[in-house]
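This is final00.pdb. It holds PDB, C-alpha atoms, pLDDT in the B column.
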ATOM      1  CA  MET Y  24       0.000   0.000   0.000  1.00 55.00           C
ATOM      2  CA  ARG Y  25       2.806   2.363   0.909  1.00 58.00           C
ATOM      3  CA  GLU Y  26       4.680   1.594  -2.296  1.00 60.00           C
ATOM      4  CA  THR Y  27       1.573   2.156  -4.416  1.00 57.00           C
ATOM      5  CA  LEU Y  28       0.987   5.549  -2.824  1.00 50.00           C
ATOM      6  CA  PHE Y  29       4.629   6.491  -3.355  1.00 51.00           C
ATOM      7  CA  GLN Y  30       4.444   5.540  -7.032  1.00 54.00           C
ATOM      8  CA  LEU Y  31       1.262   7.569  -7.414  1.00 47.00           C
ATOM      9  CA  LEU Y  32       2.945  10.654  -5.965  1.00 47.00           C
ATOM     10  CA  GLU Y  33       5.874  10.306  -8.337  1.00 51.00           C
ATOM     11  CA  THR Y  34       3.759   9.814 -11.456  1.00 49.00           C
ATOM     12  CA  SER Y  35       4.357  12.639 -13.905  1.00 48.00           C
ATOM     13  CA  GLY Y  36       1.817  11.611 -16.543  1.00 48.00           C
ATOM     14  CA  GLY Y  37       4.375  11.272 -19.341  1.00 53.00           C
ATOM     15  CA  GLU Y  38       6.783  13.667 -20.938  1.00 70.00           C
ATOM     16  CA  LEU Y  39       5.410  16.360 -23.265  1.00 73.00           C
ATOM     17  CA  SER Y  40       6.983  17.061 -26.605  1.00 83.00           C
ATOM     18  CA  ALA Y  41       8.473  20.456 -27.399  1.00 85.00           C
ATOM     19  CA  GLU Y  42       5.700  21.037 -29.957  1.00 88.00           C
ATOM     20  CA  THR Y  43       2.977  20.401 -27.362  1.00 88.00           C
ATOM     21  CA  ILE Y  44       4.594  22.706 -24.837  1.00 88.00           C
ATOM     22  CA  LEU Y  45       4.978  25.453 -27.424  1.00 91.00           C
ATOM     23  CA  LEU Y  46       1.380  25.012 -28.598  1.00 91.00           C
ATOM     24  CA  ARG Y  47       0.030  25.385 -25.068  1.00 90.00           C
ATOM     25  CA  LEU Y  48       2.061  28.523 -24.429  1.00 92.00           C
ATOM     26  CA  VAL Y  49       1.025  30.057 -27.766  1.00 93.00           C
ATOM     27  CA  MET Y  50      -2.666  29.313 -27.129  1.00 92.00           C
ATOM     28  CA  ALA Y  51      -2.356  30.890 -23.675  1.00 92.00           C
ATOM     29  CA  ALA Y  52      -0.802  34.016 -25.207  1.00 93.00           C
ATOM     30  CA  VAL Y  53      -3.505  34.235 -27.909  1.00 93.00           C
ATOM     31  CA  ILE Y  54      -6.371  33.975 -25.428  1.00 92.00           C
ATOM     32  CA  ALA Y  55      -4.557  36.370 -23.094  1.00 92.00           C
ATOM     33  CA  ALA Y  56      -4.609  38.898 -25.954  1.00 92.00           C
ATOM     34  CA  PHE Y  57      -8.424  38.851 -25.829  1.00 89.00           C
ATOM     35  CA  LEU Y  58      -8.220  39.321 -22.068  1.00 91.00           C
ATOM     36  CA  PHE Y  59      -5.909  42.295 -22.656  1.00 91.00           C
ATOM     37  CA  LEU Y  60      -8.372  43.791 -25.165  1.00 89.00           C
ATOM     38  CA  SER Y  61     -11.339  43.241 -22.871  1.00 88.00           C
ATOM     39  CA  TYR Y  62      -9.633  45.013 -19.970  1.00 88.00           C
ATOM     40  CA  ARG Y  63      -8.681  47.934 -22.201  1.00 86.00           C
ATOM     41  CA  LEU Y  64     -12.229  48.333 -23.531  1.00 83.00           C
ATOM     42  CA  SER Y  65     -13.956  48.049 -20.157  1.00 79.00           C
ATOM     43  CA  HIS Y  66     -11.680  50.501 -18.339  1.00 76.00           C
ATOM     44  CA  SER Y  67     -11.078  54.131 -19.090  1.00 66.00           C
ATOM     45  CA  GLY Y  68      -9.653  57.243 -17.503  1.00 60.00           C
ATOM     46  CA  SER Y  69      -7.318  57.135 -14.526  1.00 55.00           C
ATOM     47  CA  ILE Y  70      -8.733  53.782 -13.427  1.00 69.00           C
ATOM     48  CA  TYR Y  71      -7.016  52.053 -16.383  1.00 76.00           C
ATOM     49  CA  SER Y  72      -3.583  50.634 -15.597  1.00 80.00           C
ATOM     50  CA  ALA Y  73      -1.444  49.560 -18.560  1.00 84.00           C
ATOM     51  CA  LYS Y  74       1.009  47.796 -16.250  1.00 86.00           C
ATOM     52  CA  PHE Y  75      -1.784  45.773 -14.659  1.00 86.00           C
ATOM     53  CA  ASN Y  76      -3.117  44.857 -18.104  1.00 88.00           C
ATOM     54  CA  VAL Y  77       0.281  43.568 -19.214  1.00 91.00           C
ATOM     55  CA  SER Y  78       0.588  41.693 -15.926  1.00 90.00           C
ATOM     56  CA  LEU Y  79      -2.636  39.823 -16.731  1.00 90.00           C
ATOM     57  CA  VAL Y  80      -1.117  38.523 -19.957  1.00 92.00           C
ATOM     58  CA  ALA Y  81       2.062  37.491 -18.137  1.00 92.00           C
ATOM     59  CA  LEU Y  82       0.003  35.831 -15.380  1.00 90.00           C
ATOM     60  CA  THR Y  83      -1.829  33.729 -17.974  1.00 92.00           C
ATOM     61  CA  VAL Y  84       1.375  32.488 -19.567  1.00 92.00           C
ATOM     62  CA  ILE Y  85       3.057  31.879 -16.191  1.00 89.00           C
ATOM     63  CA  THR Y  86       0.073  29.846 -14.952  1.00 88.00           C
ATOM     64  CA  THR Y  87       0.202  27.790 -18.142  1.00 89.00           C
ATOM     65  CA  THR Y  88       3.910  27.137 -17.585  1.00 88.00           C
ATOM     66  CA  VAL Y  89       3.294  26.019 -14.006  1.00 85.00           C
ATOM     67  CA  MET Y  90       0.528  23.658 -15.160  1.00 85.00           C
ATOM     68  CA  ILE Y  91       2.832  22.157 -17.784  1.00 84.00           C
ATOM     69  CA  VAL Y  92       5.496  21.511 -15.152  1.00 81.00           C
ATOM     70  CA  ILE Y  93       3.056  20.021 -12.647  1.00 80.00           C
ATOM     71  CA  GLY Y  94       1.162  17.816 -15.098  1.00 71.00           C
ATOM     72  CA  ASN Y  95      -0.323  14.884 -13.176  1.00 61.00           C
ATOM     73  CA  ASN Y  96       2.431  14.867 -10.563  1.00 66.00           C
ATOM     74  CA  ILE Y  97       0.702  15.079  -7.184  1.00 60.00           C
ATOM     75  CA  ALA Y  98       3.969  15.647  -5.314  1.00 58.00           C
ATOM     76  CA  LEU Y  99       4.797  18.684  -7.447  1.00 60.00           C
ATOM     77  CA  SER Y 100       1.277  20.080  -7.064  1.00 63.00           C
ATOM     78  CA  LEU Y 101       1.460  19.766  -3.276  1.00 60.00           C
ATOM     79  CA  GLY Y 102       4.860  21.430  -3.295  1.00 59.00           C
ATOM     80  CA  MET Y 103       3.507  24.282  -5.414  1.00 62.00           C
ATOM     81  CA  VAL Y 104       0.594  24.816  -3.025  1.00 60.00           C
ATOM     82  CA  GLY Y 105       3.010  24.924  -0.110  1.00 58.00           C
ATOM     83  CA  ALA Y 106       5.273  27.411  -1.889  1.00 55.00           C
ATOM     84  CA  LEU Y 107       2.393  29.728  -2.818  1.00 59.00           C
ATOM     85  CA  SER Y 108       0.953  29.600   0.710  1.00 57.00           C
ATOM     86  CA  ILE Y 109       3.928  31.553   2.061  1.00 53.00           C
ATOM     87  CA  VAL Y 110       3.618  34.316  -0.539  1.00 55.00           C
ATOM     88  CA  ARG Y 111       1.618  37.360   0.457  1.00 58.00           C
ATOM     89  CA  PHE Y 112       0.222  39.597  -2.255  1.00 59.00           C
ATOM     90  CA  ARG Y 113      -0.388  43.136  -1.101  1.00 60.00           C
ATOM     91  CA  THR Y 114      -1.148  44.824  -4.418  1.00 61.00           C
ATOM     92  CA  ALA Y 115      -4.035  47.255  -3.971  1.00 64.00           C
ATOM     93  CA  ILE Y 116      -7.070  46.503  -6.147  1.00 67.00           C
ATOM     94  CA  LYS Y 117      -8.321  49.792  -7.589  1.00 66.00           C
ATOM     95  CA  ASP Y 118     -11.475  48.311  -9.079  1.00 68.00           C
ATOM     96  CA  SER Y 119     -13.479  45.278  -7.970  1.00 72.00           C
ATOM     97  CA  ARG Y 120     -13.534  44.115 -11.591  1.00 79.00           C
ATOM     98  CA  ASP Y 121      -9.764  43.641 -11.441  1.00 82.00           C
ATOM     99  CA  THR Y 122     -10.350  40.558  -9.291  1.00 85.00           C
ATOM    100  CA  VAL Y 123     -12.463  39.098 -12.091  1.00 87.00           C
ATOM    101  CA  TYR Y 124      -9.643  39.611 -14.587  1.00 89.00           C
ATOM    102  CA  ILE Y 125      -7.058  38.042 -12.288  1.00 88.00           C
ATOM    103  CA  PHE Y 126      -9.247  34.976 -11.810  1.00 89.00           C
ATOM    104  CA  TRP Y 127      -9.945  34.863 -15.562  1.00 91.00           C
ATOM    105  CA  ALA Y 128      -6.202  34.893 -16.343  1.00 91.00           C
ATOM    106  CA  ILE Y 129      -5.531  32.071 -13.878  1.00 89.00           C
ATOM    107  CA  VAL Y 130      -8.363  29.915 -15.237  1.00 90.00           C
ATOM    108  CA  VAL Y 131      -7.176  30.398 -18.834  1.00 91.00           C
ATOM    109  CA  GLY Y 132      -3.658  29.448 -17.771  1.00 89.00           C
ATOM    110  CA  ILE Y 133      -4.899  26.280 -16.052  1.00 88.00           C
ATOM    111  CA  CYS Y 134      -6.995  25.266 -19.074  1.00 90.00           C
ATOM    112  CA  CYS Y 135      -4.223  25.883 -21.595  1.00 89.00           C
ATOM    113  CA  GLY Y 136      -1.638  24.228 -19.374  1.00 86.00           C
ATOM    114  CA  SER Y 137      -3.734  21.063 -19.262  1.00 85.00           C
ATOM    115  CA  GLY Y 138      -4.512  21.171 -22.987  1.00 87.00           C
ATOM    116  CA  ASP Y 139      -8.217  22.101 -22.687  1.00 88.00           C
ATOM    117  CA  TYR Y 140      -8.139  24.771 -25.385  1.00 90.00           C
ATOM    118  CA  LEU Y 141     -11.839  24.522 -26.209  1.00 92.00           C
ATOM    119  CA  VAL Y 142     -12.851  25.195 -22.609  1.00 91.00           C
ATOM    120  CA  ALA Y 143     -10.436  28.110 -22.377  1.00 90.00           C
ATOM    121  CA  ALA Y 144     -11.597  29.632 -25.678  1.00 91.00           C
ATOM    122  CA  ALA Y 145     -15.327  29.119 -25.122  1.00 92.00           C
ATOM    123  CA  GLY Y 146     -15.221  30.376 -21.551  1.00 91.00           C
ATOM    124  CA  SER Y 147     -13.136  33.390 -22.536  1.00 90.00           C
ATOM    125  CA  ALA Y 148     -15.527  34.237 -25.379  1.00 91.00           C
ATOM    126  CA  VAL Y 149     -18.505  34.271 -23.008  1.00 92.00           C
ATOM    127  CA  VAL Y 150     -16.661  36.297 -20.347  1.00 89.00           C
ATOM    128  CA  PHE Y 151     -15.406  38.705 -23.029  1.00 87.00           C
ATOM    129  CA  ALA Y 152     -18.971  39.292 -24.258  1.00 87.00           C
ATOM    130  CA  VAL Y 153     -20.339  39.801 -20.741  1.00 86.00           C
ATOM    131  CA  LEU Y 154     -17.616  42.261 -19.749  1.00 82.00           C
ATOM    132  CA  LEU Y 155     -17.927  44.081 -23.063  1.00 79.00           C
ATOM    133  CA  LEU Y 156     -21.645  44.620 -22.455  1.00 79.00           C
ATOM    134  CA  PHE Y 157     -21.518  45.438 -18.756  1.00 75.00           C
ATOM    135  CA  GLY Y 158     -17.883  46.316 -18.091  1.00 61.00           C
ATOM    136  CA  ARG Y 159     -18.302  50.056 -18.660  1.00 59.00           C
ATOM    137  CA  ILE Y 160     -21.081  50.416 -16.106  1.00 60.00           C
ATOM    138  CA  ARG Y 161     -20.224  53.022 -13.500  1.00 59.00           C
ATOM    139  CA  SER Y 162     -21.863  53.804 -10.222  1.00 56.00           C
ATOM    140  CA  ASP Y 163     -23.670  57.108 -10.057  1.00 53.00           C
ATOM    141  CA  ASN Y 164     -21.462  59.927  -8.887  1.00 61.00           C
ATOM    142  CA  ARG Y 165     -21.676  60.682  -5.187  1.00 70.00           C
ATOM    143  CA  VAL Y 166     -21.662  64.373  -4.403  1.00 79.00           C
ATOM    144  CA  LEU Y 167     -20.693  65.893  -1.069  1.00 83.00           C
ATOM    145  CA  LEU Y 168     -21.986  69.345  -0.160  1.00 85.00           C
ATOM    146  CA  ILE Y 169     -19.740  70.838   2.508  1.00 88.00           C
ATOM    147  CA  LEU Y 170     -20.480  74.204   4.068  1.00 90.00           C
ATOM    148  CA  ARG Y 171     -19.520  76.097   7.183  1.00 91.00           C
ATOM    149  CA  THR Y 172     -21.639  78.886   8.620  1.00 91.00           C
ATOM    150  CA  ALA Y 173     -22.430  80.732  11.827  1.00 90.00           C
ATOM    151  CA  ARG Y 174     -24.491  78.737  14.319  1.00 88.00           C
ATOM    152  CA  VAL Y 175     -27.311  81.259  14.138  1.00 88.00           C
ATOM    153  CA  ASN Y 176     -27.902  80.054  10.569  1.00 87.00           C
ATOM    154  CA  GLU Y 177     -28.370  76.373  11.411  1.00 87.00           C
ATOM    155  CA  THR Y 178     -32.128  76.373  10.904  1.00 87.00           C
ATOM    156  CA  LYS Y 179     -31.885  78.369   7.652  1.00 87.00           C
ATOM    157  CA  VAL Y 180     -29.244  76.083   6.159  1.00 87.00           C
ATOM    158  CA  GLU Y 181     -31.060  72.869   7.040  1.00 86.00           C
ATOM    159  CA  SER Y 182     -34.322  74.250   5.693  1.00 87.00           C
ATOM    160  CA  LEU Y 183     -32.683  75.397   2.456  1.00 86.00           C
ATOM    161  CA  ILE Y 184     -31.007  72.040   1.759  1.00 83.00           C
ATOM    162  CA  PHE Y 185     -34.284  70.253   2.475  1.00 83.00           C
ATOM    163  CA  GLN Y 186     -36.131  72.622   0.143  1.00 82.00           C
ATOM    164  CA  TYR Y 187     -33.689  72.231  -2.764  1.00 79.00           C
ATOM    165  CA  TYR Y 188     -33.146  68.472  -2.649  1.00 78.00           C
ATOM    166  CA  ASP Y 189     -36.499  67.129  -1.472  1.00 72.00           C
ATOM    167  CA  ARG Y 190     -35.141  64.707   1.173  1.00 70.00           C
ATOM    168  CA  LYS Y 191     -32.516  63.374  -1.259  1.00 75.00           C
ATOM    169  CA  ALA Y 192     -29.665  65.008   0.662  1.00 80.00           C
ATOM    170  CA  ILE Y 193     -28.362  62.733   3.428  1.00 82.00           C
ATOM    171  CA  LEU Y 194     -26.673  64.450   6.345  1.00 85.00           C
ATOM    172  CA  ARG Y 195     -23.414  62.581   6.901  1.00 86.00           C
ATOM    173  CA  ALA Y 196     -21.817  64.850   9.461  1.00 88.00           C
ATOM    174  CA  LYS Y 197     -22.571  67.981  11.460  1.00 88.00           C
ATOM    175  CA  ASN Y 198     -19.707  69.542  13.392  1.00 90.00           C
ATOM    176  CA  THR Y 199     -20.406  72.489  15.664  1.00 89.00           C
ATOM    177  CA  THR Y 200     -18.552  74.922  17.897  1.00 88.00           C
ATOM    178  CA  GLU Y 201     -19.905  77.762  19.999  1.00 86.00           C
ATOM    179  CA  GLU Y 202     -19.771  80.080  17.001  1.00 87.00           C
ATOM    180  CA  SER Y 203     -19.958  77.933  13.850  1.00 90.00           C
ATOM    181  CA  ALA Y 204     -21.529  74.822  12.327  1.00 91.00           C
ATOM    182  CA  GLU Y 205     -20.183  72.635   9.541  1.00 92.00           C
ATOM    183  CA  TYR Y 206     -22.424  70.386   7.432  1.00 90.00           C
ATOM    184  CA  ILE Y 207     -21.527  67.496   5.116  1.00 89.00           C
ATOM    185  CA  TYR Y 208     -24.394  66.289   2.933  1.00 87.00           C
ATOM    186  CA  GLU Y 209     -24.246  63.384   0.477  1.00 83.00           C
ATOM    187  CA  LEU Y 210     -26.490  63.153  -2.561  1.00 78.00           C
ATOM    188  CA  ASN Y 211     -26.638  61.419  -5.912  1.00 65.00           C
ATOM    189  CA  GLY Y 212     -25.048  63.209  -8.878  1.00 57.00           C
ATOM    190  CA  LYS Y 213     -28.306  63.584 -10.792  1.00 59.00           C
ATOM    191  CA  TYR Y 214     -29.808  65.617  -7.954  1.00 54.00           C
ATOM    192  CA  LEU Y 215     -26.934  68.074  -8.164  1.00 55.00           C
ATOM    193  CA  ARG Y 216     -27.546  68.721 -11.865  1.00 54.00           C
ATOM    194  CA  LYS Y 217     -31.276  69.467 -11.492  1.00 54.00           C
ATOM    195  CA  PRO Y 218     -32.296  70.099  -7.898  1.00 55.00           C
ATOM    196  CA  GLY Y 219     -36.018  70.600  -7.467  1.00 55.00           C
ATOM    197  CA  GLY Y 220     -35.604  73.787  -5.442  1.00 53.00           C
ATOM    198  CA  GLU Y 221     -33.665  75.442  -8.266  1.00 61.00           C
ATOM    199  CA  LYS Y 222     -36.571  74.951 -10.659  1.00 57.00           C
ATOM    200  CA  ARG Y 223     -39.032  76.448  -8.202  1.00 63.00           C
ATOM    201  CA  SER Y 224     -36.953  79.428  -7.047  1.00 62.00           C
ATOM    202  CA  GLY Y 225     -34.973  80.133 -10.207  1.00 67.00           C
ATOM    203  CA  LYS Y 226     -31.744  80.405  -8.161  1.00 74.00           C
ATOM    204  CA  SER Y 227     -28.776  78.060  -8.065  1.00 79.00           C
ATOM    205  CA  ILE Y 228     -28.004  76.306  -4.804  1.00 79.00           C
ATOM    206  CA  THR Y 229     -24.768  78.317  -4.527  1.00 82.00           C
ATOM    207  CA  ASP Y 230     -26.549  81.678  -4.779  1.00 84.00           C
ATOM    208  CA  ALA Y 231     -29.244  80.573  -2.346  1.00 85.00           C
ATOM    209  CA  VAL Y 232     -26.683  79.445   0.235  1.00 85.00           C
ATOM    210  CA  TYR Y 233     -24.662  82.674   0.131  1.00 87.00           C
ATOM    211  CA  GLU Y 234     -27.827  84.781   0.407  1.00 85.00           C
ATOM    212  CA  ILE Y 235     -28.235  83.395   3.919  1.00 86.00           C
ATOM    213  CA  GLY Y 236     -25.141  85.322   5.000  1.00 86.00           C
ATOM    214  CA  GLY Y 237     -22.384  84.348   7.383  1.00 86.00           C
ATOM    215  CA  ILE Y 238     -21.163  81.510   5.119  1.00 89.00           C
ATOM    216  CA  GLU Y 239     -17.433  80.812   5.557  1.00 89.00           C
ATOM    217  CA  TYR Y 240     -17.236  78.353   2.649  1.00 88.00           C
ATOM    218  CA  PHE Y 241     -19.451  76.186   0.468  1.00 89.00           C
ATOM    219  CA  ASN Y 242     -17.756  73.305  -1.382  1.00 86.00           C
ATOM    220  CA  ILE Y 243     -19.052  70.674  -3.779  1.00 81.00           C
ATOM    221  CA  VAL Y 244     -16.933  67.493  -4.008  1.00 80.00           C
ATOM    222  CA  THR Y 245     -17.688  64.741  -6.510  1.00 74.00           C
ATOM    223  CA  GLN Y 246     -16.668  61.121  -5.892  1.00 64.00           C
ATOM    224  CA  ASN Y 247     -16.799  58.412  -8.531  1.00 58.00           C
ATOM    225  CA  ASP Y 248     -15.323  54.996  -9.391  1.00 50.00           C
ATOM    226  CA  GLU Y 249     -12.054  56.511 -10.546  1.00 50.00           C
ATOM    227  CA  ILE Y 250     -11.211  57.834  -7.089  1.00 43.00           C
ATOM    228  CA  SER Y 251      -9.523  55.271  -4.896  1.00 43.00           C
ATOM    229  CA  GLY Y 252      -8.075  55.545  -1.454  1.00 40.00           C
TER     230      GLY Y 252
END
Write-out of the structure in structure tokens:
Amino acid sequence: MRETLFQLLETSGGELSAETILLRLVMAAVIAAFLFLSYRLSHSGSIYSAKFNVSLVALTVITTTVMIVIGNNIALSLGMVGALSIVRFRTAIKDSRDTVYIFWAIVVGICCGSGDYLVAAAGSAVVFAVLLLFGRIRSDNRVLLILRTARVNETKVESLIFQYYDRKAILRAKNTTEESAEYIYELNGKYLRKPGGEKRSGKSITDAVYEIGGIEYFNIVTQNDEISG
């Protein structure tokens, strides 16, 4: 029993020819090119990282190489798992979709490394189509209204914001001292473009705020998917 288990661990599944190895690496590179194109099309602006995109292609080919080396050798696969378990990756993910692309690259590498080209190509085609259709979706912009005024104007400011944004402005913070009060409101981007109060009064929110008097500052900050911390 012990000898059988030892032989099983040492089984390599046969040697691969140079042509087979080259074919698997080439197929991995070809499919990785579609992955590269998909990432480029679904990302734009400062959120796009050319270095990360190139790394996806390299990750696909590297995974394929590892799969070729491992083959059916259980001992090598266990050793690889042990080696990878001590590696810590601390690269910051700017976009949640980047995780999808990393997983996609690894799966393509595994498929090509084991010779399952049809699975790799068919799966990549479906993922490519899905990401092409939905990859450019962005969350609505989040807008922060930040203003600081004298404390005697608290009621006026709160009433004005309520009037202009019809309960769509969410108070995130209110900081006060004996003489001043600072407000931070969050609202969806579309409510900043066409606030209901502006249509009724004919005045912009900026003009209406400064007409109250005693305003130290009034800032509008926009947050979107391209801003990362």
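Of the residues under consideration (Y:Tyr206, Y:Tyr240, Y:Phe185, Y:Phe75), Y:Phe75 shows the shortest atom-to-atom contact distance to Thr122 in chain Y when counting only C-alpha atoms.
Within the 9 Å cut-off around Val175 in chain Y, using only C-alpha atoms and omitting residues fewer than 4 positions from it on the same chain, the listed residues are Lys179, Glu202, Ser203, Ala204 and Gly237 of chain Y.
With all atoms listed in the file as the atoms that count, the minimum distance from Arg47 in chain Y to the choices Y:Phe126, Y:Gly136, Y:Leu82, Y:Phe157 is reached by Y:Gly136.
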Inset, instruction - Fewer than 3 positions away in the same chain doesn't count, so skip those; otherwise give me all residues within 9 Å of Ile243 in chain Y, counting all atoms listed in the file, as a ChimeraX atom specification. - result: /Y:166-170
Legend entry - Spatial neighbours of range 51-66 of chain Y, max dist 8 Å, all atoms listed in the file, sep filter under 2 positions, as a PyMOL selection string: chain Y and resi 47-49+68+70-71+76-77+79-80+83-84+87+124+128+131-132+135-136+143-144+147+151+154-155+158-159
Inset, instruction - Pull out every residue that the PyMOL selection byres ((chain Y and resi 184) around 12) matches in the shown coordinates and put them as number ranges by chain. - result: Y: 168-170, 177-183, 185-194, 206-210, 214-215, 218-221, 227-229, 231-232, 235
Legend entry - Computed interatomic separation between CA of Leu39 in chain Y and CA of Val130 in chain Y (Å): 20.9 Å
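Closest approach to Arg171 in chain Y among Y:Tyr140, Y:Tyr233, Y:Trp127, Y:Phe241: Y:Phe241, based on all atoms listed in the file.
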